[in-house]
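This is target39.txt (compact mmCIF, C-alpha atoms).
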# COMPACT_ATOMS: atom_id res chain seq x y z
CA MET A 1 -58.01 -23.08 -40.60
CA ALA A 2 -56.00 -23.53 -37.40
CA THR A 3 -53.60 -26.45 -37.19
CA VAL A 4 -54.04 -29.19 -34.56
CA ALA A 5 -51.22 -27.62 -32.53
CA GLN A 6 -52.83 -24.18 -32.74
CA GLN A 7 -56.21 -25.60 -31.70
CA SER A 8 -54.55 -27.30 -28.71
CA ILE A 9 -52.95 -24.04 -27.63
CA MET A 10 -56.21 -22.16 -28.04
CA ALA A 11 -57.97 -24.75 -25.85
CA ASP A 12 -55.46 -24.38 -22.99
CA PRO A 13 -57.22 -22.45 -20.17
CA ARG A 14 -53.90 -20.96 -19.07
CA ILE A 15 -53.44 -19.31 -22.43
CA ARG A 16 -57.08 -18.31 -22.71
CA GLU A 17 -56.94 -16.70 -19.25
CA ALA A 18 -53.74 -14.88 -20.13
CA ASN A 19 -55.44 -13.39 -23.18
CA VAL A 20 -58.31 -11.83 -21.21
CA THR A 21 -57.17 -11.22 -17.61
CA VAL A 22 -54.82 -8.79 -15.90
CA PRO A 23 -51.46 -10.62 -15.56
CA VAL A 24 -50.99 -10.41 -11.79
CA TYR A 25 -50.89 -14.10 -10.84
CA LYS A 26 -48.13 -16.65 -11.29
CA GLN A 27 -49.86 -19.93 -12.09
CA LEU A 28 -48.76 -23.52 -11.59
CA PRO A 29 -48.30 -25.86 -14.55
CA PHE A 30 -51.51 -27.89 -14.23
CA VAL A 31 -55.22 -27.31 -14.77
CA PRO A 32 -57.65 -28.75 -12.17
CA GLU A 33 -60.70 -30.47 -13.62
CA ARG A 34 -62.33 -31.74 -10.43
CA ALA A 35 -61.42 -32.44 -6.82
CA SER A 36 -62.48 -34.77 -4.01
CA GLY A 37 -61.35 -34.90 -0.42
CA CYS A 38 -57.71 -33.78 -0.41
CA ASP A 39 -57.10 -34.67 -4.05
CA ILE A 40 -57.12 -32.57 -7.22
CA PHE A 41 -57.66 -34.34 -10.55
CA THR A 42 -56.20 -32.55 -13.56
CA LYS A 43 -57.19 -32.36 -17.21
CA ASP A 44 -54.15 -34.44 -18.17
CA GLY A 45 -54.97 -37.29 -15.80
CA ARG A 46 -52.88 -36.48 -12.72
CA ARG A 47 -54.05 -36.97 -9.14
CA ILE A 48 -52.42 -34.31 -6.94
CA LEU A 49 -52.49 -34.31 -3.14
CA ASP A 50 -53.46 -30.76 -2.17
CA LEU A 51 -51.51 -29.63 0.89
CA TYR A 52 -52.14 -25.97 0.12
CA GLY A 53 -55.93 -25.88 0.12
CA GLY A 54 -56.30 -22.85 -2.13
CA HIS A 55 -54.50 -20.50 0.32
CA ALA A 56 -56.08 -22.28 3.35
CA VAL A 57 -59.64 -22.00 2.03
CA ALA A 58 -60.59 -25.67 1.59
CA ALA A 59 -61.11 -26.48 5.26
CA LEU A 60 -63.31 -29.50 4.59
CA GLY A 61 -61.46 -30.57 1.48
CA TYR A 62 -63.39 -30.85 -1.76
CA GLY A 63 -66.92 -32.13 -2.20
CA HIS A 64 -67.74 -32.68 1.47
CA PRO A 65 -71.31 -34.03 1.35
CA GLN A 66 -72.67 -31.90 4.19
CA LEU A 67 -71.28 -28.67 2.72
CA VAL A 68 -72.45 -29.55 -0.78
CA LYS A 69 -75.89 -30.41 0.57
CA ALA A 70 -76.16 -27.12 2.47
CA ILE A 71 -75.11 -25.06 -0.56
CA THR A 72 -77.42 -26.97 -2.92
CA GLU A 73 -80.46 -26.72 -0.68
CA GLN A 74 -79.88 -23.03 0.00
CA SER A 75 -79.42 -22.32 -3.71
CA ASN A 76 -82.73 -23.98 -4.46
CA GLN A 77 -84.52 -22.21 -1.61
CA LEU A 78 -83.11 -18.66 -1.73
CA LEU A 79 -79.90 -17.85 -3.58
CA PHE A 80 -79.63 -14.24 -2.49
CA GLN A 81 -81.20 -11.50 -0.45
CA SER A 82 -79.56 -8.40 0.98
CA ASN A 83 -79.15 -7.19 4.54
CA ALA A 84 -82.29 -5.09 4.06
CA VAL A 85 -84.21 -8.12 5.34
CA ALA A 86 -83.55 -10.54 8.18
CA LEU A 87 -82.72 -14.13 7.27
CA GLU A 88 -83.02 -17.25 9.39
CA ILE A 89 -79.86 -18.73 7.86
CA ARG A 90 -77.88 -15.53 8.55
CA ALA A 91 -78.97 -15.57 12.20
CA GLN A 92 -78.02 -19.24 12.40
CA ALA A 93 -74.55 -18.61 10.95
CA ALA A 94 -73.91 -15.68 13.30
CA GLU A 95 -75.04 -17.67 16.32
CA LYS A 96 -72.81 -20.61 15.48
CA LEU A 97 -69.83 -18.33 14.85
CA THR A 98 -70.16 -16.45 18.14
CA GLN A 99 -70.54 -19.75 20.01
CA VAL A 100 -67.08 -20.91 18.89
CA ALA A 101 -65.38 -17.49 19.09
CA PRO A 102 -63.22 -16.23 21.98
CA GLN A 103 -65.15 -15.03 25.00
CA GLY A 104 -66.70 -11.59 24.65
CA LEU A 105 -66.97 -11.59 20.87
CA ASP A 106 -70.72 -11.82 20.61
CA ARG A 107 -71.53 -9.61 17.60
CA VAL A 108 -70.84 -10.30 13.90
CA PHE A 109 -70.60 -8.12 10.80
CA PHE A 110 -70.51 -10.28 7.68
CA VAL A 111 -68.38 -9.30 4.66
CA ASN A 112 -66.92 -11.00 1.58
CA SER A 113 -63.19 -11.45 2.18
CA GLY A 114 -60.30 -11.20 4.59
CA ALA A 115 -59.14 -7.83 3.31
CA GLU A 116 -62.68 -6.45 3.66
CA ALA A 117 -62.90 -7.85 7.18
CA ASN A 118 -59.63 -6.18 8.18
CA GLU A 119 -60.63 -2.95 6.46
CA ASN A 120 -63.79 -2.75 8.53
CA ALA A 121 -62.07 -3.84 11.74
CA LEU A 122 -59.63 -0.94 11.38
CA ARG A 123 -62.48 1.45 10.59
CA MET A 124 -64.32 0.29 13.71
CA ALA A 125 -61.23 0.73 15.87
CA CYS A 126 -60.56 4.26 14.65
CA LYS A 127 -64.21 5.28 15.09
CA THR A 128 -64.46 3.69 18.55
CA THR A 129 -61.29 5.31 19.92
CA GLU A 130 -61.38 8.52 17.83
CA ARG A 131 -57.61 8.10 17.31
CA LYS A 132 -55.55 8.15 14.13
CA LYS A 133 -52.62 5.81 14.69
CA VAL A 134 -52.48 2.04 14.19
CA LEU A 135 -49.69 -0.37 15.07
CA ALA A 136 -49.05 -3.62 13.22
CA ILE A 137 -46.36 -6.29 13.48
CA THR A 138 -43.32 -6.59 11.23
CA GLN A 139 -43.68 -9.26 8.53
CA GLY A 140 -47.48 -9.28 8.88
CA PHE A 141 -49.91 -9.43 5.95
CA HIS A 142 -53.48 -8.13 6.22
CA GLY A 143 -54.68 -7.59 2.65
CA ARG A 144 -54.47 -5.30 -0.36
CA THR A 145 -57.29 -2.81 0.19
CA ALA A 146 -56.44 0.72 1.35
CA ALA A 147 -56.36 0.33 5.14
CA ALA A 148 -55.47 -3.37 5.21
CA ALA A 149 -52.48 -2.74 2.96
CA THR A 150 -51.40 0.19 5.13
CA VAL A 151 -50.81 -2.23 8.02
CA THR A 152 -49.20 -4.87 5.80
CA TRP A 153 -45.43 -5.04 6.19
CA ASN A 154 -43.41 -3.88 3.17
CA SER A 155 -46.54 -2.97 1.18
CA ASP A 156 -45.06 0.28 -0.14
CA ARG A 157 -43.67 -1.60 -3.14
CA TRP A 158 -47.20 -2.40 -4.39
CA TYR A 159 -49.53 -0.14 -2.36
CA GLY A 160 -50.73 1.89 -5.33
CA PHE A 161 -52.86 4.52 -3.55
CA PRO A 162 -51.66 8.15 -3.47
CA SER A 163 -51.92 8.41 0.34
CA LYS A 164 -52.64 6.29 3.41
CA PRO A 165 -55.72 6.67 5.61
CA PHE A 166 -53.92 6.86 8.96
CA GLU A 167 -50.52 6.86 10.61
CA VAL A 168 -49.00 3.41 10.99
CA ASP A 169 -45.92 1.99 12.68
CA PHE A 170 -44.66 -1.56 13.10
CA ILE A 171 -43.73 -3.38 16.30
CA PRO A 172 -40.87 -5.86 15.74
CA ARG A 173 -42.41 -9.29 16.08
CA ASP A 174 -41.99 -10.96 19.46
CA ASP A 175 -40.30 -7.84 20.88
CA ILE A 176 -42.10 -7.29 24.17
CA ALA A 177 -40.05 -4.25 25.16
CA ALA A 178 -40.87 -2.54 21.85
CA ALA A 179 -44.57 -3.27 22.32
CA GLN A 180 -44.51 -1.74 25.77
CA ALA A 181 -42.73 1.35 24.48
CA MET A 182 -44.81 1.88 21.33
CA ILE A 183 -48.37 1.32 22.58
CA ASP A 184 -49.61 4.53 24.16
CA GLY A 185 -52.63 6.81 24.38
CA ASP A 186 -52.35 7.87 20.73
CA VAL A 187 -52.83 4.36 19.39
CA ALA A 188 -56.27 3.42 18.08
CA ALA A 189 -55.48 -0.25 17.52
CA VAL A 190 -52.87 -2.96 17.32
CA ILE A 191 -53.50 -5.59 14.65
CA PHE A 192 -51.70 -8.94 14.56
CA GLU A 193 -51.84 -12.44 13.08
CA PRO A 194 -51.33 -15.10 15.78
CA VAL A 195 -49.59 -17.13 13.09
CA GLN A 196 -48.16 -14.98 10.31
CA GLY A 197 -49.23 -16.97 7.28
CA VAL A 198 -47.68 -15.18 4.31
CA ALA A 199 -44.50 -14.66 6.34
CA GLY A 200 -44.00 -18.43 6.42
CA ALA A 201 -46.33 -19.66 9.19
CA TYR A 202 -44.38 -17.85 11.88
CA ASP A 203 -46.20 -18.28 15.20
CA LEU A 204 -45.98 -15.33 17.59
CA SER A 205 -45.20 -16.22 21.19
CA THR A 206 -47.79 -16.31 23.96
CA GLU A 207 -45.66 -13.88 25.96
CA PHE A 208 -45.67 -11.34 23.13
CA LEU A 209 -49.42 -11.62 22.52
CA THR A 210 -50.06 -11.28 26.25
CA ALA A 211 -48.00 -8.09 26.26
CA LEU A 212 -50.09 -6.73 23.37
CA ARG A 213 -53.26 -7.46 25.33
CA VAL A 214 -51.94 -5.88 28.53
CA GLU A 215 -50.68 -2.72 26.85
CA THR A 216 -53.73 -2.14 24.67
CA SER A 217 -56.00 -2.57 27.68
CA LYS A 218 -53.87 -0.17 29.69
CA HIS A 219 -54.17 2.55 27.03
CA ASN A 220 -57.78 1.83 25.93
CA ALA A 221 -56.64 0.81 22.47
CA ILE A 222 -58.35 -1.90 20.41
CA LEU A 223 -56.62 -5.26 19.95
CA ILE A 224 -57.47 -6.81 16.57
CA ALA A 225 -56.70 -10.47 15.89
CA ASP A 226 -56.43 -11.17 12.17
CA GLU A 227 -57.43 -14.84 11.96
CA VAL A 228 -58.18 -14.80 8.25
CA GLN A 229 -55.68 -17.60 7.63
CA SER A 230 -55.20 -19.08 11.12
CA GLY A 231 -58.86 -19.40 12.11
CA ILE A 232 -61.75 -21.83 11.63
CA GLY A 233 -59.95 -24.79 13.16
CA ARG A 234 -56.71 -24.54 11.24
CA CYS A 235 -54.54 -24.20 14.36
CA GLY A 236 -56.20 -26.88 16.48
CA GLN A 237 -58.74 -24.59 18.12
CA PHE A 238 -61.45 -22.67 16.30
CA PHE A 239 -59.19 -19.63 16.56
CA ALA A 240 -55.46 -19.53 17.25
CA VAL A 241 -55.78 -16.90 20.00
CA GLN A 242 -57.71 -19.47 22.04
CA THR A 243 -54.54 -21.55 22.24
CA HIS A 244 -52.79 -18.56 23.84
CA GLY A 245 -55.69 -17.62 26.13
CA ILE A 246 -55.89 -14.16 24.51
CA GLU A 247 -59.22 -12.33 24.19
CA PRO A 248 -59.04 -9.65 21.47
CA ASP A 249 -61.54 -6.81 21.13
CA ILE A 250 -62.09 -7.54 17.44
CA LEU A 251 -61.36 -10.66 15.42
CA THR A 252 -61.47 -11.10 11.65
CA SER A 253 -62.19 -14.31 9.75
CA ALA A 254 -62.43 -15.40 6.10
CA LYS A 255 -60.71 -17.99 3.87
CA ALA A 256 -61.86 -21.30 5.45
CA LEU A 257 -64.97 -19.70 6.98
CA GLY A 258 -67.28 -20.93 4.20
CA GLY A 259 -65.29 -24.00 3.18
CA GLY A 260 -64.77 -22.55 -0.30
CA VAL A 261 -67.67 -20.13 -0.66
CA PRO A 262 -66.34 -16.54 -0.58
CA CYS A 263 -67.19 -14.91 2.74
CA GLY A 264 -65.69 -13.09 5.71
CA ALA A 265 -66.68 -11.79 9.11
CA VAL A 266 -65.73 -9.24 11.74
CA LEU A 267 -66.45 -10.33 15.31
CA CYS A 268 -66.52 -7.78 18.11
CA SER A 269 -67.85 -7.18 21.59
CA HIS A 270 -71.32 -5.83 22.34
CA ALA A 271 -69.69 -2.63 23.65
CA ILE A 272 -67.97 -1.96 20.32
CA ALA A 273 -71.06 -2.91 18.30
CA ALA A 274 -73.09 -0.39 20.30
CA LYS A 275 -70.99 2.43 18.78
CA PHE A 276 -72.44 1.72 15.32
CA GLY A 277 -75.81 2.32 13.76
CA PRO A 278 -77.56 2.08 10.38
CA GLY A 279 -75.31 3.25 7.55
CA ASP A 280 -72.03 3.17 9.51
CA LEU A 281 -70.95 -0.10 7.85
CA GLY A 282 -72.19 -1.94 4.81
CA SER A 283 -71.61 -4.87 2.47
CA THR A 284 -73.98 -5.85 -0.35
CA PHE A 285 -73.08 -9.52 -0.43
CA GLY A 286 -71.88 -9.90 3.17
CA GLY A 287 -74.04 -12.41 5.03
CA GLY A 288 -75.90 -13.50 1.91
CA PRO A 289 -77.89 -16.72 2.30
CA LEU A 290 -75.51 -18.92 0.30
CA ALA A 291 -72.47 -17.76 2.29
CA ALA A 292 -74.37 -18.06 5.56
CA ALA A 293 -75.40 -21.63 4.77
CA ALA A 294 -71.79 -22.50 3.98
CA ILE A 295 -70.57 -20.92 7.23
CA ALA A 296 -73.10 -22.81 9.34
CA ALA A 297 -72.31 -26.12 7.61
CA THR A 298 -68.54 -25.66 7.91
CA ILE A 299 -68.75 -25.02 11.65
CA ASP A 300 -71.07 -28.00 12.13
CA VAL A 301 -68.73 -30.37 10.27
CA ILE A 302 -65.69 -29.23 12.23
CA ILE A 303 -67.55 -29.93 15.49
CA ASN A 304 -69.35 -33.13 14.49
CA GLU A 305 -66.32 -34.76 12.90
CA ASP A 306 -63.95 -33.65 15.68
CA LEU A 307 -61.64 -32.01 13.15
CA LEU A 308 -59.90 -29.90 15.81
CA MET A 309 -58.51 -33.10 17.29
CA ASN A 310 -57.60 -34.34 13.82
CA VAL A 311 -55.65 -31.13 13.20
CA ARG A 312 -53.68 -31.62 16.40
CA ARG A 313 -52.94 -35.28 15.57
CA CYS A 314 -51.83 -34.38 12.06
CA GLU A 315 -49.58 -31.60 13.30
CA ALA A 316 -47.85 -34.00 15.68
CA ALA A 317 -47.35 -36.54 12.88
CA ILE A 318 -45.97 -33.94 10.47
CA ARG A 319 -43.52 -32.69 13.09
CA GLU A 320 -42.44 -36.27 13.81
CA LYS A 321 -42.08 -37.51 10.22
CA CYS A 322 -41.37 -34.54 7.98
CA ILE A 323 -38.12 -33.08 9.28
CA ILE A 324 -36.42 -35.01 6.54
CA GLY A 325 -34.71 -34.38 3.22
CA PRO A 326 -34.56 -30.63 2.63
CA VAL A 327 -36.59 -29.77 5.77
CA THR A 328 -34.47 -28.67 8.73
CA ARG A 329 -37.23 -27.58 11.13
CA ILE A 330 -40.95 -26.82 11.27
CA GLN A 331 -42.68 -23.68 12.56
CA GLY A 332 -46.29 -22.63 12.83
CA MET A 333 -49.29 -24.24 14.48
CA GLY A 334 -51.83 -26.93 13.62
CA LEU A 335 -52.15 -27.25 9.86
CA LEU A 336 -50.71 -23.81 9.21
CA LEU A 337 -47.10 -24.94 9.08
CA GLY A 338 -43.87 -23.62 7.63
CA LEU A 339 -41.29 -26.19 6.59
CA VAL A 340 -37.93 -24.44 6.83
CA CYS A 341 -35.72 -25.74 4.03
CA ASP A 342 -32.00 -25.92 3.33
CA ARG A 343 -32.52 -24.31 -0.09
CA PRO A 344 -35.05 -22.00 -1.78
CA ALA A 345 -38.52 -23.29 -0.92
CA ILE A 346 -39.67 -22.87 -4.51
CA GLU A 347 -37.24 -25.62 -5.52
CA VAL A 348 -38.74 -27.96 -2.92
CA ARG A 349 -42.27 -27.02 -3.99
CA ASP A 350 -41.46 -27.87 -7.60
CA ALA A 351 -39.81 -31.15 -6.60
CA LEU A 352 -42.89 -32.13 -4.57
CA LEU A 353 -45.14 -31.29 -7.50
CA GLU A 354 -43.17 -33.82 -9.53
CA HIS A 355 -44.35 -36.30 -6.87
CA ASP A 356 -47.95 -35.05 -7.31
CA ILE A 357 -48.00 -33.08 -4.06
CA LEU A 358 -49.03 -29.42 -4.01
CA ALA A 359 -47.50 -27.16 -1.35
CA GLY A 360 -46.94 -23.41 -1.30
CA THR A 361 -44.16 -20.92 -0.88
CA SER A 362 -44.20 -17.87 1.41
CA GLY A 363 -42.70 -14.44 1.96
CA ASP A 364 -39.67 -16.17 3.46
CA PRO A 365 -37.79 -17.72 0.52
CA GLU A 366 -36.63 -20.64 2.66
CA VAL A 367 -40.05 -21.58 4.06
CA LEU A 368 -42.46 -23.95 2.33
CA ARG A 369 -46.05 -23.53 3.55
CA ILE A 370 -48.53 -26.36 3.95
CA LEU A 371 -52.18 -25.48 4.54
CA PRO A 372 -54.03 -28.72 3.86
CA PRO A 373 -57.71 -29.45 4.44
CA LEU A 374 -58.57 -30.25 8.05
CA VAL A 375 -59.70 -33.71 6.89
CA LEU A 376 -56.07 -34.68 6.19
CA GLU A 377 -55.34 -38.37 6.83
CA PRO A 378 -52.26 -40.22 8.14
CA GLY A 379 -51.58 -41.70 4.70
CA HIS A 380 -51.29 -38.22 3.23
CA ILE A 381 -48.60 -37.36 5.76
CA ASP A 382 -46.69 -40.56 4.96
CA HIS A 383 -46.86 -39.63 1.28
CA LEU A 384 -45.39 -36.19 2.05
CA ALA A 385 -42.61 -37.66 4.18
CA GLU A 386 -41.69 -40.17 1.44
CA ALA A 387 -41.63 -37.45 -1.19
CA LEU A 388 -39.44 -35.20 0.96
CA ARG A 389 -37.07 -38.10 1.51
CA ASP A 390 -36.78 -38.50 -2.26
CA VAL A 391 -35.96 -34.83 -2.90
CA ALA A 392 -32.37 -34.67 -4.11
CA PRO A 393 -29.70 -33.13 -1.85
CA ALA A 394 -29.35 -29.39 -2.34
CA THR A 395 -26.19 -29.47 -4.44
CA ASP A 396 -27.37 -32.34 -6.66
CA TYR A 397 -30.77 -30.71 -7.07
CA ARG A 398 -29.29 -27.45 -8.26
CA ASN A 399 -26.88 -29.26 -10.57
CA LYS A 400 -29.83 -30.90 -12.32
CA TRP A 401 -30.70 -27.53 -13.77
If you convert what's in this file into structure tokens, what do you get?
Amino acid sequence: MATVAQQSIMADPRIREANVTVPVYKQLPFVPERASGCDIFTKDGRRILDLYGGHAVAALGYGHPQLVKAITEQSNQLLFQSNAVALEIRAQAAEKLTQVAPQGLDRVFFVNSGAEANENALRMACKTTERKKVLAITQGFHGRTAAAATVTWNSDRWYGFPSKPFEVDFIPRDDIAAAQAMIDGDVAAVIFEPVQGVAGAYDLSTEFLTALRVETSKHNAILIADEVQSGIGRCGQFFAVQTHGIEPDILTSAKALGGGVPCGAVLCSHAIAAKFGPGDLGSTFGGGPLAAAAIAATIDVIINEDLLMNVRRCEAAIREKCIIGPVTRIQGMGLLLGLVCDRPAIEVRDALLEHDILAGTSGDPEVLRILPPLVLEPGHIDHLAEALRDVAPATDYRNKW
């Protein structure tokens, strides 16, 4: 018979997961039991302020009544049907999404994730232009599937496939002269994140994005905006490119799109959509009724509760109050922010977790990412500022260990 200690270990979900899953994720030292609003409640009784939002997924926080109601009602009515039949809720979700999208993006192809959205966007660009070269931006991240990983900076270390589907090159970020030199008649597409999330919430300049638009238009190449992390209100507009006045040819969305329900979308112009017919693209679960209901509800809540304005107010407050303690400056946009630290960001993340605040690290070891729900409140920001103030100075903090 197992001892009490052995039974306790066997009951730990972290250990149970480790025994039956592929060990590819580093996991934090707590186990969520439930969540509400911006708070996570753990099995051991902690209440943790979530400023990471599950990689920017939890746009409406946890348990938002309108989202829960939409999911529950749709589950009871029709949990799933494929794209072989038309659905009222799918049409409704597509209509709402195109209404808030940048001008000219009036067609939607629903998928399941950000990587799948980018994969199909790249496929559409290559088919539309009949070209074989794609340009991306240094430090960018677009996913781990074959084509999406090809355009992800520094992916060779984990790519895993024996060959890549097309030629790719990288434009140095914010280098307008390089963009002008590299975009030519051989380029099928240029893909970019308006705010490079994994890179540490680095926001590309309006001048650089304008140059990408000008040069791709000049050479009849497709401009793809990857708004998987920056979209659905996170940057103070429904999509970050709207802040810059940029109109891409294709835009991808996922993460916050369904408020927590897995889903993604590719938005494109009518002219690009006209190049495709039955069988050219496909996704079994893309645009399923549950995901569509979640998409429609998420968009409605953002509009009805004026969350875009809340994002802008919260950003201003964070910039005013949170350059304190280990934080030397703040980059990014809206509630996709990178707190640049005077020490490794992982140390600051761990110190904040001791204060029951969850933040995230990034590809830049000195940048702490915060991606909180769009329903963030002023008190949450005060809590973050107080916790940052309490973080020990860099030398003292290191000496603790």
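Pairwise distance (atom CA of Arg349 of chain A, atom CA of His55 of chain A) equals 14.5 Å.
For the set A:Ile299, A:Ala211, A:Val168, A:Val261, the residue with the smallest atom-to-atom gap to Gln180 of chain A is A:Ala211, counting only C-alpha atoms.
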Worksheet item: When distances are computed from all atoms listed in the file, which of A:Thr72, A:Gln92, A:Ser205, A:Asn118 shows the smallest separation from Gly264 of chain A?
Response: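 Between A:Thr72, A:Gln92, A:Ser205, A:Asn118, the residue approaching Gly264 of chain A most closely is A:Asn118.
Residues in contact with Met333 of chain A at up to 8 Å, not including ones fewer than 6 positions away on its chain and judged by only C-alpha atoms, are Val195, Ala201, Asp203, Cys235, Gly236 and Glu315 of chain A.
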Discussion item. Considering all atoms listed in the file, can you say which of A:Gly360, A:Gly197, A:Gly61, A:Pro13 comes closest to Ala35 of chain A?
Written reply: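 The shortest atom-to-atom distance to Ala35 of chain A comes from A:Gly61.
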Practice prompt. Identify, on the basis of only C-alpha atoms, every residue whose closest approach to His380 of chain A does not exceed 12 Å; exclude the query and any residue fewer than 3 positions from it along the same chain; express the result as a ChimeraX atom specification.
Written response: /A:37-39,48-51,314,317-318,321-322,356-358,372-377,383-387
Worksheet entry | Proximity to Met124 of chain A - best of A:Thr252, A:Ser362, A:Asn304, A:Thr150, only C-alpha atoms | A:Thr252
Worksheet item: Which one is closest to Gly363 of chain A: A:Ala345, A:Val198, A:Ile171, A:Val24? Count all atoms listed in the file.
Response: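 Using all atoms listed in the file, Gly363 of chain A sits closest to A:Val198.
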Item to complete: Give me, please, the distance in Å between atom CA of Leu79 of chain A and atom CA of Val111 of chain A, quoted to one decimal.
Response: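 Taking atom CA of Leu79 of chain A as the start and atom CA of Val111 of chain A as the end point, the length is 16.5 Å.
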Fill in: Which of A:Ala56, A:Ala84, A:Ala147, A:Ile346 sits closest to Ser283 of chain A [using all atoms listed in the file]
A:Ala84
Worksheet item: So which residues touch Ala359 of chain A within 8 Å, counting all atoms listed in the file, skipping near sequence neighbours fewer than 3 positions away, as a ChimeraX atom specification?
Response: /A:50-52,349,352-353,368-371
Some atoms are missing, so please complete segment 250-263 of chain A with N, CA and C atoms and return it as a CSV table (one decimal), in the coordinates of the input.
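The resulting file, result-v3.csv, is shown below:
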chain,number,residue,atom,x,y,z
A,250,ILE,N,-61.5,-7.3,18.8
A,250,ILE,CA,-62.1,-7.5,17.4
A,250,ILE,C,-61.3,-8.7,16.8
A,251,LEU,N,-62.0,-9.5,16.1
A,251,LEU,CA,-61.4,-10.7,15.4
A,251,LEU,C,-61.9,-10.7,14.0
A,252,THR,N,-61.0,-11.0,13.0
A,252,THR,CA,-61.5,-11.1,11.6
A,252,THR,C,-61.3,-12.5,11.1
A,253,SER,N,-62.2,-12.9,10.3
A,253,SER,CA,-62.2,-14.3,9.8
A,253,SER,C,-62.6,-14.3,8.3
A,254,ALA,N,-62.0,-15.2,7.5
A,254,ALA,CA,-62.4,-15.4,6.1
A,254,ALA,C,-61.9,-16.7,5.7
A,255,LYS,N,-61.3,-16.8,4.5
A,255,LYS,CA,-60.7,-18.0,3.9
A,255,LYS,C,-61.5,-19.3,4.2
A,256,ALA,N,-61.2,-20.0,5.2
A,256,ALA,CA,-61.9,-21.3,5.4
A,256,ALA,C,-63.3,-21.2,6.0
A,257,LEU,N,-63.7,-19.9,6.3
A,257,LEU,CA,-65.0,-19.7,7.0
A,257,LEU,C,-66.1,-20.4,6.3
A,258,GLY,N,-66.2,-20.3,5.0
A,258,GLY,CA,-67.3,-20.9,4.2
A,258,GLY,C,-66.9,-22.2,3.5
A,259,GLY,N,-65.7,-22.8,3.8
A,259,GLY,CA,-65.3,-24.0,3.2
A,259,GLY,C,-65.0,-23.9,1.7
A,260,GLY,N,-65.0,-22.7,1.1
A,260,GLY,CA,-64.8,-22.6,-0.3
A,260,GLY,C,-65.7,-21.5,-0.9
A,261,VAL,N,-66.8,-21.2,-0.2
A,261,VAL,CA,-67.7,-20.1,-0.7
A,261,VAL,C,-67.1,-18.8,-0.2
A,262,PRO,N,-66.9,-17.8,-1.0
A,262,PRO,CA,-66.3,-16.5,-0.6
A,262,PRO,C,-67.2,-15.9,0.5
A,263,CYS,N,-66.5,-15.6,1.6
A,263,CYS,CA,-67.2,-14.9,2.7
A,263,CYS,C,-66.2,-14.5,3.8
